[in-house]
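To start, the structure itself, in structure tokens.
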Amino acid sequence: MRAICRDCLWSGDRRSVRCPTCDSRRVISHDQLAELTIAHLDCDAFYASVEKRDRPELRDRPVIVGGGKRGVAATCCYIARQYGVHSAMPMFKALKACPDAVVIKPDFPKYVTESKWIFDAIGRLTPLVQTLSLDEAWIDLSGTERLNGGPPALQLVQLQAWIEAETGLTVSIGLAANRFLAKIASELDKPRGFSVLGAEAPVLLGPKPVSILPGVGPVFSRTLRSDGYATIGDLAAADPRDLITRYGENGLRLHDLAHGRDARAVNPARKRKGMSAETTFNEDLTSAAELEAELWPLCEKLASKARRDGVASRAVVLKLRRTDFRIVTRRISLPEPVQTARALFAAGRALMAPELGIPYRLIGIGLGEIGAAVEAPSALFESAEARALKTETAIDVLRAKFGYDAVVAGRALKR
């Protein structure tokens, strides 16, 4: 099978632009179509699409899902994106770019329900599903042909059609030989797209900027460009020994990715192992005060996400990246599961203290081995974590209503 029609499910052994049965142009053609088994599925503008589905009068309007005027855009529809709006953009900038946008407060319980419909459908095809968020996952369909009545490409076309028919939402799918290429493929044709990336991947990747590689943020991207590696093709042509000398083990990883190689398996167990937040500095930082100023907002961000997802953990992990790109990780196990910025910051600061004295380019804080948060039994004397949780949960409510800056911790004002 080298081609399949996404409308009538015709399939054939020759590549085709139009379907010979229904004349549709929604035909997927690729010489390796029947061989590739790893997919990346991404719901199109998920939160905004759910809101538009439930409010048909907004179909042709730009929609932003986010907080108050001083908050940030959680996501936006494709009409709003044409004005330059994007996720995580401050709301005042988003509204300046698109003043006619309809702003809708996020309704996470509704999004979780819709996500469950989609992921239950995926789970009926294979247990090898690694979720990245409510609206994104990698899928490994190896060995499912006989069970599901056709090759992965056919299964995915049917899945895409089912999601749209049953939920009114659209998804984009990338099919490839590994996770990295599947993710790249899913971005090639959005929304409602289906792209395949096979042996031609290195040629397609060659002129792309290094910034599209996983783990290459703005600061590292600038470093790579200044070192002469502006494109993925530059990394592919480099001697891997030179890359290892410059960037350690990360250099070998970059060289493999530049050649379209990615040995990471789709791992369902990773979906609930942990969560983290990190930031790369514009300039290297050394002092405790500077590093703590960067650590606090990360703790707030991570704690807020943990509370929103209803999870907690005793395991707190600190991550530091040195100027030579080597990573330092330190871990502590706390007496009780936590989900507050106060507890994360205290643990992170304690873990960081022995590592001070040298410059760092990145800091991160994480929760490992997360599980469902359990309400503590009532007691005569509440723990410090329980008291902090009440306070921070109240702050969540205020920020959801009035924007992030409605409540600012005193520590944050020192930044």
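By convention in this document, the chains of the structure tokens carry letters A, B, ... by their order, each chain's residues are numbered from 1, and ligands are numbered from 1 in the order they are shown.
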
Check which residues of segment 137-227 of chain A sit at most 6 Å from segment 33-46 of chain A using only C-alpha atoms, and return one row each with the closest pair of atoms and their distance in Å to one decimal, ordered by chain and rising number, as CSV.
```
residue,atom,partner,partner_atom,distance
A:Ala137,CA,A:Leu41,CA,5.4
A:Trp138,CA,A:His40,CA,4.5
A:Ile139,CA,A:Ala39,CA,5.0
A:Asp140,CA,A:Ile38,CA,4.8
A:Leu141,CA,A:Thr37,CA,5.2
A:Ser142,CA,A:Thr37,CA,5.4
A:Pro151,CA,A:Ala34,CA,5.9
A:Pro152,CA,A:Thr37,CA,5.8
A:Thr170,CA,A:Asp44,CA,5.9
A:Val171,CA,A:Cys43,CA,4.2
A:Ser172,CA,A:Asp42,CA,5.3
A:Ile173,CA,A:Leu41,CA,4.6
A:Gly174,CA,A:His40,CA,5.1
A:Leu175,CA,A:Ala39,CA,4.4
A:Ala176,CA,A:Leu36,CA,5.4
A:Ala177,CA,A:Leu36,CA,5.3
A:Asn178,CA,A:Ile38,CA,5.6
A:Ala182,CA,A:His40,CA,5.2
A:Lys183,CA,A:His40,CA,5.4
A:Pro191,CA,A:Asp44,CA,5.7
```

Writing out the chosen residues with C-alpha atoms as a PDB file, in the first residue's frame:
```
ATOM      1  CA  ALA A 137       0.588  11.762  22.374  1.00  0.00           C
ATOM      2  CA  TRP A 138       2.984   9.387  20.688  1.00  0.00           C
ATOM      3  CA  ILE A 139       1.511   6.089  19.506  1.00  0.00           C
ATOM      4  CA  ASP A 140       3.341   2.859  18.630  1.00  0.00           C
ATOM      5  CA  LEU A 141       1.232   0.635  16.363  1.00  0.00           C
ATOM      6  CA  SER A 142       3.876  -2.029  15.741  1.00  0.00           C
ATOM      7  CA  PRO A 151      -1.558  -1.321   8.619  1.00  0.00           C
ATOM      8  CA  PRO A 152      -0.977   1.589  11.020  1.00  0.00           C
ATOM      9  CA  THR A 170      -9.989  17.635  14.610  1.00  0.00           C
ATOM     10  CA  VAL A 171      -6.508  16.211  15.075  1.00  0.00           C
ATOM     11  CA  SER A 172      -3.314  16.274  13.043  1.00  0.00           C
ATOM     12  CA  ILE A 173      -1.205  13.119  12.719  1.00  0.00           C
ATOM     13  CA  GLY A 174       2.406  12.498  11.792  1.00  0.00           C
ATOM     14  CA  LEU A 175       3.536   8.979  10.836  1.00  0.00           C
ATOM     15  CA  ALA A 176       7.223   8.044  10.775  1.00  0.00           C
ATOM     16  CA  ALA A 177       9.825   5.547  11.948  1.00  0.00           C
ATOM     17  CA  ASN A 178      10.503   7.180  15.326  1.00  0.00           C
ATOM     18  CA  ALA A 182       6.616  11.658  13.900  1.00  0.00           C
ATOM     19  CA  LYS A 183       6.504  14.888  15.894  1.00  0.00           C
ATOM     20  CA  PRO A 191      -4.993  21.627  11.085  1.00  0.00           C
TER      21      PRO A 191
END
```

In segment 130-363 of chain A, DSSP strand (DSSP E) residues written as a VMD selection string: chain A and resid 130 to 133 136 to 140 171 to 176 194 to 196 274 to 285 311 to 322 327 to 338 360 to 363

So that I can check the surroundings of segment 306-314 of chain A, please list as a PyMOL selection string every protein, DNA and RNA residue that reaches within 7 Å of it, counting only C-alpha atoms and ignoring chain neighbours fewer than 6 positions away. chain A and resi 333-339+367-373

Just list the residues in segment 206-346 of chain A DSSP gives helix (DSSP H, G or I) on the backbone, as a PyMOL selection string. chain A and resi 210-212+218-226+232-237+240-247+249-258+268-272+288-309+341-346

Can you pull out the residues contacting Thr113 of chain A? Cut-off 12 Å, using only C-alpha atoms, and skip same-chain residues under 3 positions away; I want them as a list in words. Tyr47, Val50, Asp107, Phe108, Pro109, Lys110, Lys116, Trp117, Ile118, Phe119, Asp120, Leu134, Asp135 and Thr167 of chain A

Which residues come within 7 Å of segment 226-236 of chain A, counting only C-alpha atoms, excluding same-chain residues fewer than 6 positions away, as a PyMOL selection string? chain A and resi 205-210+255+258-259

Keeping only all heavy atoms, write the selected residues as a CSV table (one decimal), in the first residue's frame.
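File produced: selection_36.csv:
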```
chain,number,residue,atom,x,y,z
A,205,LEU,N,15.0,17.8,6.6
A,205,LEU,CA,15.4,18.4,7.8
A,205,LEU,C,16.6,19.4,7.6
A,205,LEU,O,16.8,20.3,8.3
A,205,LEU,CB,15.8,17.4,8.9
A,205,LEU,CG,14.7,16.5,9.5
A,205,LEU,CD1,15.3,15.4,10.3
A,205,LEU,CD2,13.8,17.4,10.3
A,206,GLY,N,17.4,19.1,6.6
A,206,GLY,CA,18.7,19.8,6.3
A,206,GLY,C,18.6,21.3,6.5
A,206,GLY,O,19.3,21.9,7.2
A,207,PRO,N,17.7,22.0,5.8
A,207,PRO,CA,17.6,23.4,5.8
A,207,PRO,C,16.9,24.0,7.0
A,207,PRO,O,16.9,25.2,7.2
A,207,PRO,CB,16.9,23.8,4.5
A,207,PRO,CG,16.1,22.6,4.2
A,207,PRO,CD,16.8,21.4,4.7
A,208,LYS,N,16.3,23.1,7.8
A,208,LYS,CA,15.5,23.6,9.0
A,208,LYS,C,16.5,24.2,10.1
A,208,LYS,O,17.6,23.7,10.2
A,208,LYS,CB,14.7,22.5,9.6
A,208,LYS,CG,13.7,21.8,8.6
A,208,LYS,CD,12.5,22.7,8.3
A,208,LYS,CE,11.5,22.0,7.5
A,208,LYS,NZ,10.4,22.9,7.1
A,209,PRO,N,16.0,25.2,10.8
A,209,PRO,CA,16.8,25.7,11.9
A,209,PRO,C,17.0,24.7,13.0
A,209,PRO,O,16.1,23.9,13.3
A,209,PRO,CB,16.1,27.0,12.4
A,209,PRO,CG,14.6,26.7,12.0
A,209,PRO,CD,14.7,25.9,10.7
A,210,VAL,N,18.1,24.8,13.7
A,210,VAL,CA,18.4,23.9,14.8
A,210,VAL,C,17.4,24.1,16.0
A,210,VAL,O,17.2,23.2,16.8
A,210,VAL,CB,19.8,24.1,15.4
A,210,VAL,CG1,20.9,23.7,14.4
A,210,VAL,CG2,20.0,25.6,15.8
A,255,HIS,N,23.6,15.0,16.8
A,255,HIS,CA,24.1,14.4,15.5
A,255,HIS,C,23.1,13.3,15.1
A,255,HIS,O,22.7,13.2,13.9
A,255,HIS,CB,25.5,13.8,15.7
A,255,HIS,CG,26.1,13.4,14.4
A,255,HIS,ND1,26.1,12.1,13.9
A,255,HIS,CD2,26.7,14.2,13.5
A,255,HIS,CE1,26.8,12.1,12.8
A,255,HIS,NE2,27.1,13.3,12.5
A,258,ALA,N,19.9,15.0,13.8
A,258,ALA,CA,20.1,15.6,12.6
A,258,ALA,C,20.0,14.6,11.4
A,258,ALA,O,19.7,15.0,10.3
A,258,ALA,CB,21.4,16.3,12.6
A,259,HIS,N,20.3,13.4,11.7
A,259,HIS,CA,20.2,12.3,10.7
A,259,HIS,C,18.9,11.6,10.7
A,259,HIS,O,18.7,10.6,10.1
A,259,HIS,CB,21.4,11.3,10.8
A,259,HIS,CG,22.7,11.8,10.3
A,259,HIS,ND1,23.1,11.7,9.0
A,259,HIS,CD2,23.7,12.5,11.0
A,259,HIS,CE1,24.3,12.3,8.9
A,259,HIS,NE2,24.7,12.8,10.0
```

Out of A:Lys105, A:Pro99, A:Leu58, A:Ile184, which residue has the shortest atom-to-atom distance to Ala74 of chain A when counting only C-alpha atoms? A:Lys105

Shell around Asp31 of chain A at 10 Å using only C-alpha atoms, local window under 6 positions removed, as a JSON list (two decimals) with N, CA and C atoms, in the first residue's frame:
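Contents of out-v3.json, freshly written:
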```json
[["chain", "number", "residue", "atom", "x", "y", "z"],
["A", 1, "MET", "N", 0.83, -1.20, 0.00],
["A", 1, "MET", "CA", 0.00, 0.00, 0.00],
["A", 1, "MET", "C", 0.87, 1.25, 0.00],
["A", 2, "ARG", "N", 0.72, 2.07, -1.03],
["A", 2, "ARG", "CA", 1.47, 3.32, -1.12],
["A", 2, "ARG", "C", 0.58, 4.56, -1.04],
["A", 3, "ALA", "N", -0.73, 4.36, -1.07],
["A", 3, "ALA", "CA", -1.64, 5.50, -1.02],
["A", 3, "ALA", "C", -2.94, 5.08, -0.36],
["A", 13, "ASP", "N", -1.50, 0.41, -4.52],
["A", 13, "ASP", "CA", -0.06, 0.22, -4.54],
["A", 13, "ASP", "C", 0.67, 1.27, -5.36],
["A", 14, "ARG", "N", -0.07, 2.22, -5.91],
["A", 14, "ARG", "CA", 0.59, 3.29, -6.65],
["A", 14, "ARG", "C", 0.30, 4.63, -5.98],
["A", 15, "ARG", "N", 1.27, 5.51, -6.06],
["A", 15, "ARG", "CA", 1.09, 6.84, -5.48],
["A", 15, "ARG", "C", 0.09, 7.61, -6.34],
["A", 196, "VAL", "N", 3.39, 12.07, 6.36],
["A", 196, "VAL", "CA", 4.26, 10.90, 6.49],
["A", 196, "VAL", "C", 5.69, 11.33, 6.21],
["A", 198, "GLY", "N", 9.50, 9.60, 5.88],
["A", 198, "GLY", "CA", 10.26, 8.36, 5.82],
["A", 198, "GLY", "C", 11.74, 8.61, 5.54],
["A", 199, "ALA", "N", 12.27, 7.87, 4.54],
["A", 199, "ALA", "CA", 13.70, 7.93, 4.25],
["A", 199, "ALA", "C", 14.16, 9.30, 3.77]]
```

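Minimum distance to Gly12 of chain A across A:Leu125, A:Met91, A:Ile28, A:Leu204 (counting only C-alpha atoms) occurs at A:Ile28.
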
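Going from atom CA of Ala341 of chain A over to atom CA of Glu290 of chain A, you cover 17.7 Å.
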
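Our summary of the geometry notes that atom CA of Val317 of chain A is positioned 7.4 Å from atom CA of Gly348 of chain A.
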
Rank A:Leu197, A:Ile64, A:Val112, A:Ala350 by their smallest atom-to-atom distance to Ala97 of chain A, using only C-alpha atoms, and report the top residue only. A:Ile64

Contact residues around Val63 of chain A with only C-alpha atoms at 12 Å, ignoring same-chain residues under 6 positions, as a short mmCIF file (atom, residue, chain, number, x, y, z; two decimals) with all heavy atoms, in the first residue's frame:
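The result, stored in selection_16.cif:
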```
data_model
loop_
_atom_site.label_atom_id
_atom_site.label_comp_id
_atom_site.auth_asym_id
_atom_site.auth_seq_id
_atom_site.Cartn_x
_atom_site.Cartn_y
_atom_site.Cartn_z
N ALA A 45 -5.49 23.11 18.11
CA ALA A 45 -5.95 24.23 18.95
C ALA A 45 -7.00 23.73 19.95
O ALA A 45 -8.12 24.23 20.00
CB ALA A 45 -6.49 25.35 18.08
N PHE A 46 -6.64 22.75 20.75
CA PHE A 46 -7.60 21.92 21.49
C PHE A 46 -8.61 22.72 22.31
O PHE A 46 -9.83 22.61 22.10
CB PHE A 46 -6.83 20.96 22.39
CG PHE A 46 -7.69 19.98 23.13
CD1 PHE A 46 -8.67 19.25 22.48
CD2 PHE A 46 -7.52 19.78 24.49
CE1 PHE A 46 -9.45 18.33 23.15
CE2 PHE A 46 -8.31 18.87 25.17
CZ PHE A 46 -9.27 18.15 24.50
N TYR A 47 -8.14 23.54 23.26
CA TYR A 47 -9.09 24.26 24.12
C TYR A 47 -10.00 25.15 23.29
O TYR A 47 -11.22 25.19 23.51
CB TYR A 47 -8.35 25.11 25.15
CG TYR A 47 -7.41 24.38 26.08
CD1 TYR A 47 -6.49 25.07 26.85
CD2 TYR A 47 -7.44 22.99 26.19
CE1 TYR A 47 -5.61 24.41 27.70
CE2 TYR A 47 -6.57 22.32 27.04
CZ TYR A 47 -5.65 23.05 27.79
OH TYR A 47 -4.80 22.38 28.63
N ALA A 48 -9.42 25.89 22.36
CA ALA A 48 -10.22 26.80 21.53
C ALA A 48 -11.19 26.03 20.65
O ALA A 48 -12.33 26.47 20.43
CB ALA A 48 -9.30 27.67 20.67
N SER A 49 -10.78 24.87 20.15
CA SER A 49 -11.66 24.07 19.30
C SER A 49 -12.85 23.53 20.09
O SER A 49 -13.98 23.46 19.56
CB SER A 49 -10.88 22.91 18.68
OG SER A 49 -9.89 23.38 17.80
N VAL A 50 -12.63 23.13 21.34
CA VAL A 50 -13.73 22.67 22.18
C VAL A 50 -14.73 23.80 22.38
O VAL A 50 -15.96 23.60 22.28
CB VAL A 50 -13.20 22.16 23.54
CG1 VAL A 50 -14.37 21.87 24.49
CG2 VAL A 50 -12.35 20.92 23.36
N GLU A 51 -14.22 25.01 22.67
CA GLU A 51 -15.12 26.15 22.89
C GLU A 51 -15.89 26.50 21.62
O GLU A 51 -17.08 26.81 21.66
CB GLU A 51 -14.32 27.35 23.40
CG GLU A 51 -13.58 27.12 24.71
CD GLU A 51 -14.51 26.83 25.88
OE1 GLU A 51 -15.74 27.07 25.74
OE2 GLU A 51 -14.03 26.37 26.93
N LYS A 52 -15.25 26.47 20.48
CA LYS A 52 -15.92 26.78 19.21
C LYS A 52 -16.98 25.73 18.88
O LYS A 52 -18.05 26.06 18.35
CB LYS A 52 -14.91 26.90 18.08
CG LYS A 52 -14.13 28.20 18.08
CD LYS A 52 -13.48 28.42 16.73
CE LYS A 52 -12.97 29.82 16.59
NZ LYS A 52 -12.62 30.17 15.21
N ARG A 53 -16.68 24.49 19.17
CA ARG A 53 -17.66 23.44 18.92
C ARG A 53 -18.92 23.67 19.76
O ARG A 53 -20.04 23.49 19.28
CB ARG A 53 -17.06 22.08 19.24
CG ARG A 53 -18.00 20.91 19.04
CD ARG A 53 -17.60 19.72 19.88
NE ARG A 53 -17.65 20.03 21.31
CZ ARG A 53 -17.23 19.20 22.25
NH1 ARG A 53 -16.69 18.04 21.92
NH2 ARG A 53 -17.30 19.54 23.53
N ARG A 55 -19.92 26.51 20.98
CA ARG A 55 -20.54 27.80 20.69
C ARG A 55 -20.39 28.08 19.19
O ARG A 55 -19.48 28.80 18.77
CB ARG A 55 -19.88 28.91 21.52
CG ARG A 55 -20.09 28.72 23.02
CD ARG A 55 -19.28 29.69 23.85
NE ARG A 55 -19.61 31.07 23.55
CZ ARG A 55 -19.05 32.14 24.16
NH1 ARG A 55 -18.13 31.92 25.11
NH2 ARG A 55 -19.38 33.35 23.84
N PRO A 56 -21.24 27.49 18.37
CA PRO A 56 -21.12 27.59 16.91
C PRO A 56 -21.06 29.01 16.39
O PRO A 56 -20.50 29.25 15.32
CB PRO A 56 -22.37 26.86 16.40
CG PRO A 56 -22.76 25.95 17.50
CD PRO A 56 -22.40 26.66 18.76
N GLU A 57 -21.62 29.96 17.13
CA GLU A 57 -21.60 31.35 16.67
C GLU A 57 -20.19 31.92 16.63
O GLU A 57 -19.93 32.97 16.02
CB GLU A 57 -22.48 32.23 17.58
CG GLU A 57 -21.93 32.46 18.98
CD GLU A 57 -22.30 31.37 19.98
OE1 GLU A 57 -22.76 30.29 19.54
OE2 GLU A 57 -22.13 31.60 21.20
N ALA A 73 -2.36 33.77 27.37
CA ALA A 73 -3.19 32.96 26.48
C ALA A 73 -2.80 31.49 26.65
O ALA A 73 -1.64 31.12 26.42
CB ALA A 73 -3.00 33.39 25.03
N ALA A 74 -3.76 30.66 27.07
CA ALA A 74 -3.49 29.22 27.17
C ALA A 74 -3.39 28.61 25.78
O ALA A 74 -2.53 27.77 25.51
CB ALA A 74 -4.59 28.53 27.98
N THR A 75 -4.26 29.05 24.89
CA THR A 75 -4.20 28.65 23.49
C THR A 75 -5.11 29.59 22.70
O THR A 75 -5.81 30.42 23.28
CB THR A 75 -4.65 27.18 23.29
OG1 THR A 75 -4.36 26.77 21.95
CG2 THR A 75 -6.14 27.03 23.52
N CYS A 76 -5.10 29.46 21.39
CA CYS A 76 -5.96 30.29 20.55
C CYS A 76 -6.30 29.51 19.28
O CYS A 76 -5.60 28.56 18.93
CB CYS A 76 -5.29 31.62 20.21
SG CYS A 76 -3.77 31.45 19.26
N CYS A 77 -7.36 29.91 18.61
CA CYS A 77 -7.76 29.24 17.38
C CYS A 77 -6.85 29.68 16.23
O CYS A 77 -6.05 30.62 16.37
CB CYS A 77 -9.22 29.53 17.07
SG CYS A 77 -9.53 31.22 16.52
N TYR A 78 -7.01 29.02 15.09
CA TYR A 78 -6.13 29.32 13.96
C TYR A 78 -6.42 30.68 13.35
O TYR A 78 -5.52 31.30 12.75
CB TYR A 78 -6.24 28.20 12.91
CG TYR A 78 -5.56 26.94 13.36
CD1 TYR A 78 -6.26 25.94 14.02
CD2 TYR A 78 -4.19 26.77 13.18
CE1 TYR A 78 -5.63 24.79 14.46
CE2 TYR A 78 -3.55 25.62 13.63
CZ TYR A 78 -4.27 24.64 14.27
OH TYR A 78 -3.63 23.51 14.72
N ILE A 79 -7.63 31.18 13.51
CA ILE A 79 -7.92 32.54 13.02
C ILE A 79 -7.11 33.55 13.82
O ILE A 79 -6.49 34.45 13.26
CB ILE A 79 -9.43 32.84 13.12
CG1 ILE A 79 -10.22 31.90 12.22
CG2 ILE A 79 -9.71 34.29 12.74
CD1 ILE A 79 -11.73 32.04 12.35
N ALA A 80 -7.09 33.39 15.14
CA ALA A 80 -6.31 34.31 15.99
C ALA A 80 -4.82 34.19 15.70
O ALA A 80 -4.09 35.18 15.77
CB ALA A 80 -6.60 34.01 17.46
N ARG A 81 -4.35 33.00 15.35
CA ARG A 81 -2.93 32.82 15.07
C ARG A 81 -2.50 33.60 13.83
O ARG A 81 -1.33 33.98 13.71
CB ARG A 81 -2.62 31.32 14.89
CG ARG A 81 -2.81 30.53 16.16
CD ARG A 81 -2.46 29.06 16.01
NE ARG A 81 -2.89 28.31 17.18
CZ ARG A 81 -2.57 27.05 17.43
NH1 ARG A 81 -1.82 26.39 16.57
NH2 ARG A 81 -3.01 26.44 18.52
N GLN A 82 -3.44 33.85 12.92
CA GLN A 82 -3.10 34.65 11.74
C GLN A 82 -2.76 36.09 12.10
O GLN A 82 -2.11 36.80 11.33
CB GLN A 82 -4.27 34.61 10.75
CG GLN A 82 -4.51 33.24 10.14
CD GLN A 82 -5.72 33.20 9.23
OE1 GLN A 82 -6.37 34.22 9.00
NE2 GLN A 82 -6.02 32.03 8.70
N TYR A 83 -3.20 36.52 13.27
CA TYR A 83 -2.89 37.87 13.75
C TYR A 83 -1.59 37.90 14.56
O TYR A 83 -1.20 38.95 15.07
CB TYR A 83 -4.03 38.40 14.62
CG TYR A 83 -5.30 38.69 13.85
CD1 TYR A 83 -6.23 37.69 13.60
CD2 TYR A 83 -5.57 39.98 13.38
CE1 TYR A 83 -7.40 37.94 12.90
CE2 TYR A 83 -6.75 40.24 12.68
CZ TYR A 83 -7.64 39.23 12.45
OH TYR A 83 -8.81 39.49 11.75
N VAL A 85 -1.10 35.87 17.34
CA VAL A 85 -1.32 35.39 18.70
C VAL A 85 -0.80 33.96 18.83
O VAL A 85 -0.91 33.17 17.89
CB VAL A 85 -2.83 35.43 19.05
CG1 VAL A 85 -3.06 34.99 20.50
CG2 VAL A 85 -3.38 36.84 18.82
N HIS A 86 -0.23 33.63 19.98
CA HIS A 86 0.25 32.27 20.21
C HIS A 86 0.12 31.92 21.68
O HIS A 86 -0.07 32.79 22.54
CB HIS A 86 1.70 32.10 19.74
CG HIS A 86 2.66 33.06 20.38
ND1 HIS A 86 3.14 32.88 21.66
CD2 HIS A 86 3.21 34.22 19.93
CE1 HIS A 86 3.98 33.87 21.96
NE2 HIS A 86 4.03 34.70 20.93
N SER A 87 0.24 30.64 21.98
CA SER A 87 0.15 30.17 23.36
C SER A 87 1.22 30.82 24.23
O SER A 87 2.34 31.07 23.76
CB SER A 87 0.28 28.65 23.42
OG SER A 87 -0.73 28.03 22.67
N ALA A 94 -1.69 39.80 23.27
CA ALA A 94 -2.58 39.06 22.38
C ALA A 94 -3.74 39.94 21.93
O ALA A 94 -4.11 39.94 20.75
CB ALA A 94 -3.10 37.82 23.10
N LEU A 95 -4.32 40.71 22.85
CA LEU A 95 -5.45 41.58 22.50
C LEU A 95 -5.01 42.78 21.68
O LEU A 95 -5.79 43.32 20.89
CB LEU A 95 -6.16 42.02 23.78
CG LEU A 95 -6.90 40.90 24.51
CD1 LEU A 95 -7.44 41.38 25.85
CD2 LEU A 95 -8.03 40.35 23.65
N CYS A 98 -4.77 41.23 18.28
CA CYS A 98 -6.08 40.81 17.75
C CYS A 98 -7.17 41.39 18.65
O CYS A 98 -7.76 40.67 19.48
CB CYS A 98 -6.16 39.29 17.70
SG CYS A 98 -7.63 38.64 16.89
N PRO A 99 -7.46 42.69 18.53
CA PRO A 99 -8.41 43.34 19.45
C PRO A 99 -9.83 42.82 19.36
O PRO A 99 -10.61 43.00 20.30
CB PRO A 99 -8.33 44.82 19.04
CG PRO A 99 -7.79 44.81 17.65
CD PRO A 99 -6.88 43.64 17.57
N ASP A 100 -10.21 42.16 18.26
CA ASP A 100 -11.57 41.66 18.10
C ASP A 100 -11.74 40.23 18.61
O ASP A 100 -12.81 39.63 18.44
CB ASP A 100 -11.98 41.71 16.63
CG ASP A 100 -12.07 43.14 16.10
OD1 ASP A 100 -12.38 44.04 16.91
OD2 ASP A 100 -11.81 43.35 14.90
N ALA A 101 -10.71 39.69 19.21
CA ALA A 101 -10.78 38.30 19.67
C ALA A 101 -11.78 38.14 20.80
O ALA A 101 -11.98 39.03 21.63
CB ALA A 101 -9.40 37.83 20.13
N VAL A 102 -12.43 36.97 20.82
CA VAL A 102 -13.30 36.59 21.92
C VAL A 102 -12.45 35.84 22.94
O VAL A 102 -11.82 34.83 22.60
CB VAL A 102 -14.46 35.70 21.44
CG1 VAL A 102 -15.32 35.25 22.61
CG2 VAL A 102 -15.30 36.42 20.40
N VAL A 103 -12.42 36.33 24.16
CA VAL A 103 -11.60 35.72 25.21
C VAL A 103 -12.49 34.86 26.10
O VAL A 103 -13.52 35.31 26.60
CB VAL A 103 -10.89 36.78 26.05
CG1 VAL A 103 -10.05 36.12 27.15
CG2 VAL A 103 -10.00 37.66 25.17
N ILE A 104 -12.10 33.60 26.28
CA ILE A 104 -12.87 32.65 27.07
C ILE A 104 -12.01 32.10 28.19
O ILE A 104 -10.87 31.68 27.97
CB ILE A 104 -13.39 31.49 26.19
CG1 ILE A 104 -14.29 32.04 25.07
CG2 ILE A 104 -14.15 30.47 27.03
CD1 ILE A 104 -14.76 30.98 24.10
N LYS A 105 -12.54 32.09 29.39
CA LYS A 105 -11.83 31.53 30.54
C LYS A 105 -11.69 30.02 30.37
O LYS A 105 -12.65 29.34 29.98
CB LYS A 105 -12.61 31.85 31.82
CG LYS A 105 -11.99 31.28 33.08
CD LYS A 105 -12.88 31.59 34.28
CE LYS A 105 -12.36 30.91 35.53
NZ LYS A 105 -13.25 31.17 36.70
N PRO A 106 -10.54 29.44 30.67
CA PRO A 106 -10.36 27.99 30.51
C PRO A 106 -11.33 27.19 31.37
O PRO A 106 -11.63 27.57 32.51
CB PRO A 106 -8.91 27.77 30.97
CG PRO A 106 -8.24 29.09 30.83
CD PRO A 106 -9.29 30.11 31.12
#
```
